[in-house]
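Q: Okay, here's the structure, questions in a sec.
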Amino acid sequence: LDPAWSTLRRPATPDWVDLTARRSHLRIVGGQSPAGRYRPSLVARPVTDPDFLLTAELEFRPATYRQLAGVTGYRDSRNWHYVYVTATDAGERVLEVLSCAAGRLVPYPGATLRLGERSRIALRVRFAGPVLRFGCDLGDGWRDLPPVLDATILTGQPGPAGAGAVAGLWVQDIGADGGHADVDVVTWRAGPAARP
């Protein structure tokens, strides 16, 4: 990986970050839950500007609700925003948004999208000063997801995002059943190029 990318609390070893499992893809094997502190599967890069955009195309087939994969704006285990693909209790694939602010989980049920049999999806996280927005492309163009989120919880200080925040790829497999996501294309832009 490019040196600008980093992992959280564990080195990028082939048992969970694999560049050889599938040609031109990065395979990330799921780790602990979003609130876990010891074995997260997070690959991220610093948010370098108040206007910052990261997009990723990923393939993911969750077997249960305990498997999740998506993109995140992250500061620490108590402050983050996350858009992810998972499965319902009935096995239906859905896209959901979840936040954690000062250790309190905040779900956004109004942002849930049904994905049907679709296993490939493009996701984005956009920082615009004090605001963070997630978006998705299901094959019909980009659309923003409903919650407008507070990016300042990721900086440790009031004001625009950037100080301490990272944006990246996050995969969970809470049951440690071998769930993984294959990431094909990741792009990022900072400054005026990241604005809509």
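So you can find residues: chains in the structure tokens are A, B, ... in the order shown, residues in each start at 1, and ligands are numbered from 1 in order.
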Residues of segment 37-191 of chain A in strand (DSSP E) according to DSSP, as a VMD selection string?
A: chain A and resid 41 to 46 51 to 60 67 to 76 79 to 87 93 to 101 104 to 107 113 to 116 120 to 128 131 to 137 142 to 144 149 to 150 166 to 173 180 to 190
Q: Excluding same-chain residues fewer than 4 positions from Pro11 of chain A, what lies within 12 Å of it counting only C-alpha atoms, as a list in words?
A: Trp5, Ser6, Thr7, Asp15, Trp16, Val17, Tyr38, Arg39, Pro40, Ser41, Leu42 and Val43 of chain A
Q: List the spatial neighbours of Cys136 of chain A as a VMD selection string - criterion: any atom at most 8 Å away, only C-alpha atoms, same-chain residues fewer than 4 positions off excluded.
A: chain A and resid 121 to 124 142 to 145
Q: What lies within 7 Å of Ala128 of chain A using only C-alpha atoms, ignoring chain neighbours under 5 positions off, as a ChimeraX atom specification?
A: /A:50-52
Q: With all heavy atoms kept, could you save the residues just selected as a PDB file, in the first residue's frame?
A:
```pdb
ATOM      1  N   PRO A  50     -10.011  20.410   5.053  1.00  0.00           N
ATOM      2  CA  PRO A  50     -11.423  20.483   5.452  1.00  0.00           C
ATOM      3  C   PRO A  50     -12.372  19.947   4.390  1.00  0.00           C
ATOM      4  O   PRO A  50     -13.462  19.491   4.715  1.00  0.00           O
ATOM      5  CB  PRO A  50     -11.646  21.974   5.704  1.00  0.00           C
ATOM      6  CG  PRO A  50     -10.296  22.508   6.037  1.00  0.00           C
ATOM      7  CD  PRO A  50      -9.332  21.709   5.205  1.00  0.00           C
ATOM      8  N   ASP A  51     -11.964  20.010   3.108  1.00  0.00           N
ATOM      9  CA  ASP A  51     -12.732  19.390   2.029  1.00  0.00           C
ATOM     10  C   ASP A  51     -11.962  18.164   1.569  1.00  0.00           C
ATOM     11  O   ASP A  51     -10.851  18.289   1.030  1.00  0.00           O
ATOM     12  CB  ASP A  51     -12.923  20.368   0.858  1.00  0.00           C
ATOM     13  CG  ASP A  51     -13.801  21.538   1.237  1.00  0.00           C
ATOM     14  OD1 ASP A  51     -14.935  21.297   1.693  1.00  0.00           O
ATOM     15  OD2 ASP A  51     -13.356  22.683   1.085  1.00  0.00           O
ATOM     16  N   PHE A  52     -12.546  16.990   1.788  1.00  0.00           N
ATOM     17  CA  PHE A  52     -11.839  15.736   1.496  1.00  0.00           C
ATOM     18  C   PHE A  52     -12.856  14.697   1.062  1.00  0.00           C
ATOM     19  O   PHE A  52     -13.937  14.595   1.644  1.00  0.00           O
ATOM     20  CB  PHE A  52     -11.102  15.253   2.748  1.00  0.00           C
ATOM     21  CG  PHE A  52     -10.168  14.107   2.511  1.00  0.00           C
ATOM     22  CD1 PHE A  52      -8.852  14.324   2.146  1.00  0.00           C
ATOM     23  CD2 PHE A  52     -10.597  12.791   2.655  1.00  0.00           C
ATOM     24  CE1 PHE A  52      -7.979  13.268   1.928  1.00  0.00           C
ATOM     25  CE2 PHE A  52      -9.735  11.731   2.441  1.00  0.00           C
ATOM     26  CZ  PHE A  52      -8.427  11.968   2.072  1.00  0.00           C
TER      27      PHE A  52
END
```
Q: Hey, what's within 7 Å of segment 69-73 of chain A if we count only C-alpha atoms and toss same-chain stuff fewer than 4 positions away? As a VMD selection string, please?
A: chain A and resid 80 to 86 123 to 125 165 to 172 181
Q: Hey, can you spit out that residue selection with N, CA, C and O atoms as a PDB file, in the first residue's frame?
A:
```
ATOM      1  N   TRP A  80     -16.770   8.086  15.534  1.00  0.00           N
ATOM      2  CA  TRP A  80     -16.665   7.695  14.127  1.00  0.00           C
ATOM      3  C   TRP A  80     -18.035   7.730  13.460  1.00  0.00           C
ATOM      4  O   TRP A  80     -19.056   7.751  14.137  1.00  0.00           O
ATOM      5  N   HIS A  81     -18.006   7.731  12.135  1.00  0.00           N
ATOM      6  CA  HIS A  81     -19.198   7.575  11.297  1.00  0.00           C
ATOM      7  C   HIS A  81     -18.884   6.467  10.302  1.00  0.00           C
ATOM      8  O   HIS A  81     -17.742   6.353   9.834  1.00  0.00           O
ATOM      9  N   TYR A  82     -19.900   5.679   9.925  1.00  0.00           N
ATOM     10  CA  TYR A  82     -19.648   4.469   9.143  1.00  0.00           C
ATOM     11  C   TYR A  82     -20.843   4.165   8.252  1.00  0.00           C
ATOM     12  O   TYR A  82     -21.984   4.155   8.720  1.00  0.00           O
ATOM     13  N   VAL A  83     -20.597   3.956   6.969  1.00  0.00           N
ATOM     14  CA  VAL A  83     -21.623   3.440   6.057  1.00  0.00           C
ATOM     15  C   VAL A  83     -21.150   2.061   5.619  1.00  0.00           C
ATOM     16  O   VAL A  83     -19.980   1.893   5.261  1.00  0.00           O
ATOM     17  N   TYR A  84     -22.036   1.072   5.665  1.00  0.00           N
ATOM     18  CA  TYR A  84     -21.593  -0.309   5.461  1.00  0.00           C
ATOM     19  C   TYR A  84     -22.693  -1.167   4.858  1.00  0.00           C
ATOM     20  O   TYR A  84     -23.883  -0.898   4.984  1.00  0.00           O
ATOM     21  N   VAL A  85     -22.239  -2.235   4.227  1.00  0.00           N
ATOM     22  CA  VAL A  85     -23.115  -3.293   3.726  1.00  0.00           C
ATOM     23  C   VAL A  85     -23.146  -4.380   4.787  1.00  0.00           C
ATOM     24  O   VAL A  85     -22.110  -4.733   5.372  1.00  0.00           O
ATOM     25  N   THR A  86     -24.324  -4.923   5.055  1.00  0.00           N
ATOM     26  CA  THR A  86     -24.467  -6.046   5.982  1.00  0.00           C
ATOM     27  C   THR A  86     -25.679  -6.862   5.538  1.00  0.00           C
ATOM     28  O   THR A  86     -26.276  -6.598   4.496  1.00  0.00           O
ATOM     29  N   LEU A 123     -19.004   3.285  -2.661  1.00  0.00           N
ATOM     30  CA  LEU A 123     -19.344   4.092  -1.497  1.00  0.00           C
ATOM     31  C   LEU A 123     -18.399   5.283  -1.422  1.00  0.00           C
ATOM     32  O   LEU A 123     -17.265   5.214  -1.898  1.00  0.00           O
ATOM     33  N   ARG A 124     -18.861   6.352  -0.795  1.00  0.00           N
ATOM     34  CA  ARG A 124     -17.980   7.501  -0.593  1.00  0.00           C
ATOM     35  C   ARG A 124     -18.237   8.135   0.762  1.00  0.00           C
ATOM     36  O   ARG A 124     -19.334   8.036   1.322  1.00  0.00           O
ATOM     37  N   VAL A 125     -17.204   8.793   1.261  1.00  0.00           N
ATOM     38  CA  VAL A 125     -17.302   9.633   2.445  1.00  0.00           C
ATOM     39  C   VAL A 125     -16.739  10.993   2.051  1.00  0.00           C
ATOM     40  O   VAL A 125     -15.646  11.087   1.496  1.00  0.00           O
ATOM     41  N   ALA A 165      -8.609  13.263  12.070  1.00  0.00           N
ATOM     42  CA  ALA A 165      -9.561  12.399  11.376  1.00  0.00           C
ATOM     43  C   ALA A 165      -8.855  11.583  10.293  1.00  0.00           C
ATOM     44  O   ALA A 165      -7.902  12.042   9.670  1.00  0.00           O
ATOM     45  N   VAL A 166      -9.360  10.362  10.088  1.00  0.00           N
ATOM     46  CA  VAL A 166      -8.930   9.543   8.957  1.00  0.00           C
ATOM     47  C   VAL A 166     -10.174   9.093   8.205  1.00  0.00           C
ATOM     48  O   VAL A 166     -11.278   9.070   8.745  1.00  0.00           O
ATOM     49  N   ALA A 167      -9.973   8.751   6.938  1.00  0.00           N
ATOM     50  CA  ALA A 167     -11.045   8.185   6.111  1.00  0.00           C
ATOM     51  C   ALA A 167     -10.520   6.880   5.557  1.00  0.00           C
ATOM     52  O   ALA A 167      -9.341   6.795   5.183  1.00  0.00           O
ATOM     53  N   GLY A 168     -11.370   5.850   5.519  1.00  0.00           N
ATOM     54  CA  GLY A 168     -10.852   4.592   5.016  1.00  0.00           C
ATOM     55  C   GLY A 168     -11.859   3.485   4.895  1.00  0.00           C
ATOM     56  O   GLY A 168     -13.072   3.707   4.898  1.00  0.00           O
ATOM     57  N   LEU A 169     -11.321   2.295   4.800  1.00  0.00           N
ATOM     58  CA  LEU A 169     -12.055   1.059   4.566  1.00  0.00           C
ATOM     59  C   LEU A 169     -12.116   0.288   5.876  1.00  0.00           C
ATOM     60  O   LEU A 169     -11.086   0.090   6.536  1.00  0.00           O
ATOM     61  N   TRP A 170     -13.313  -0.173   6.226  1.00  0.00           N
ATOM     62  CA  TRP A 170     -13.485  -0.828   7.519  1.00  0.00           C
ATOM     63  C   TRP A 170     -14.330  -2.072   7.310  1.00  0.00           C
ATOM     64  O   TRP A 170     -15.406  -2.008   6.717  1.00  0.00           O
ATOM     65  N   VAL A 171     -13.846  -3.213   7.790  1.00  0.00           N
ATOM     66  CA  VAL A 171     -14.535  -4.490   7.615  1.00  0.00           C
ATOM     67  C   VAL A 171     -14.622  -5.190   8.963  1.00  0.00           C
ATOM     68  O   VAL A 171     -13.621  -5.306   9.674  1.00  0.00           O
ATOM     69  N   GLN A 172     -15.823  -5.665   9.317  1.00  0.00           N
ATOM     70  CA  GLN A 172     -16.018  -6.425  10.549  1.00  0.00           C
ATOM     71  C   GLN A 172     -16.512  -7.833  10.248  1.00  0.00           C
ATOM     72  O   GLN A 172     -17.275  -8.030   9.299  1.00  0.00           O
ATOM     73  N   ALA A 181     -14.006  -8.460   2.471  1.00  0.00           N
ATOM     74  CA  ALA A 181     -14.421  -7.595   1.366  1.00  0.00           C
ATOM     75  C   ALA A 181     -13.258  -7.465   0.404  1.00  0.00           C
ATOM     76  O   ALA A 181     -12.101  -7.404   0.821  1.00  0.00           O
TER      77      ALA A 181
END
```
Q: Taking the chain letters and numbering used in this document, name the residues of chain A that DSSP puts in helix (DSSP H, G or I), as a PyMOL selection string.
A: chain A and resi 109-111+151-154+191-194
Q: What is the atom CA of Val183 of chain A-atom CA of Arg22 of chain A distance in Å, reported with one decimal?
A: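 Answer for the atom CA of Val183 of chain A to atom CA of Arg22 of chain A separation: 9.7 Å.
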Q: Check the smallest atom-to-atom distance from each of A:Leu26, A:Ala194, A:Ile153, A:Leu58 to Arg120 of chain A using only C-alpha atoms, then report the winner.
A: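 Selected residue with least distance to Arg120 of chain A: A:Leu58.
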Q: Mind pulling up the distance from atom CA of Gly191 of chain A to atom CA of Arg78 of chain A?
A: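 A separation of 27.0 Å between them.
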Q: Show me, as a list of chain:residue names, the residues that have an atom within 12 Å of Gly36 of chain A when counting only C-alpha atoms, minus same-chain residues fewer than 6 positions from it.
A: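 Skipping anything fewer than 6 positions along the chain leaves A:Leu8, A:Arg9, A:Leu42, A:Asp76, A:Ser77, A:Arg78, A:Gly103, A:Gln172, A:Asp173, A:Ile174.
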Q: Neighbours of Thr112 of chain A within 9 Å (only C-alpha atoms; same-chain residues fewer than 6 positions away dropped), as number ranges by chain?
A: A: 94-97, 145
Q: Nearest to Cys100 of chain A: which of A:Ser24, A:Thr88, A:Gln32, A:Asn79 is it, counting only C-alpha atoms?
A: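 Going through A:Ser24, A:Thr88, A:Gln32, A:Asn79 one by one, the smallest distance to Cys100 of chain A is for A:Asn79.
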Q: Which is closest to Ser33 of chain A among A:Ala193, A:Gln67, A:Arg10, A:Ala90, if we use only C-alpha atoms?
A: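 Among the listed residues, A:Gln67 lies closest to Ser33 of chain A.
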Q: Between A:Gly175, A:Gly129, A:Pro192, A:Gly116, which has the minimum distance to Val29 of chain A (counting only C-alpha atoms)?
A: A:Gly175
Q: Choose the residue, out of A:Leu1, A:Ala35, A:Val186, A:Ala87, that has the smallest atom-to-atom separation from Asp18 of chain A; count only C-alpha atoms.
A: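 Residue with the minimum atom-to-atom distance to Asp18 of chain A: A:Leu1.
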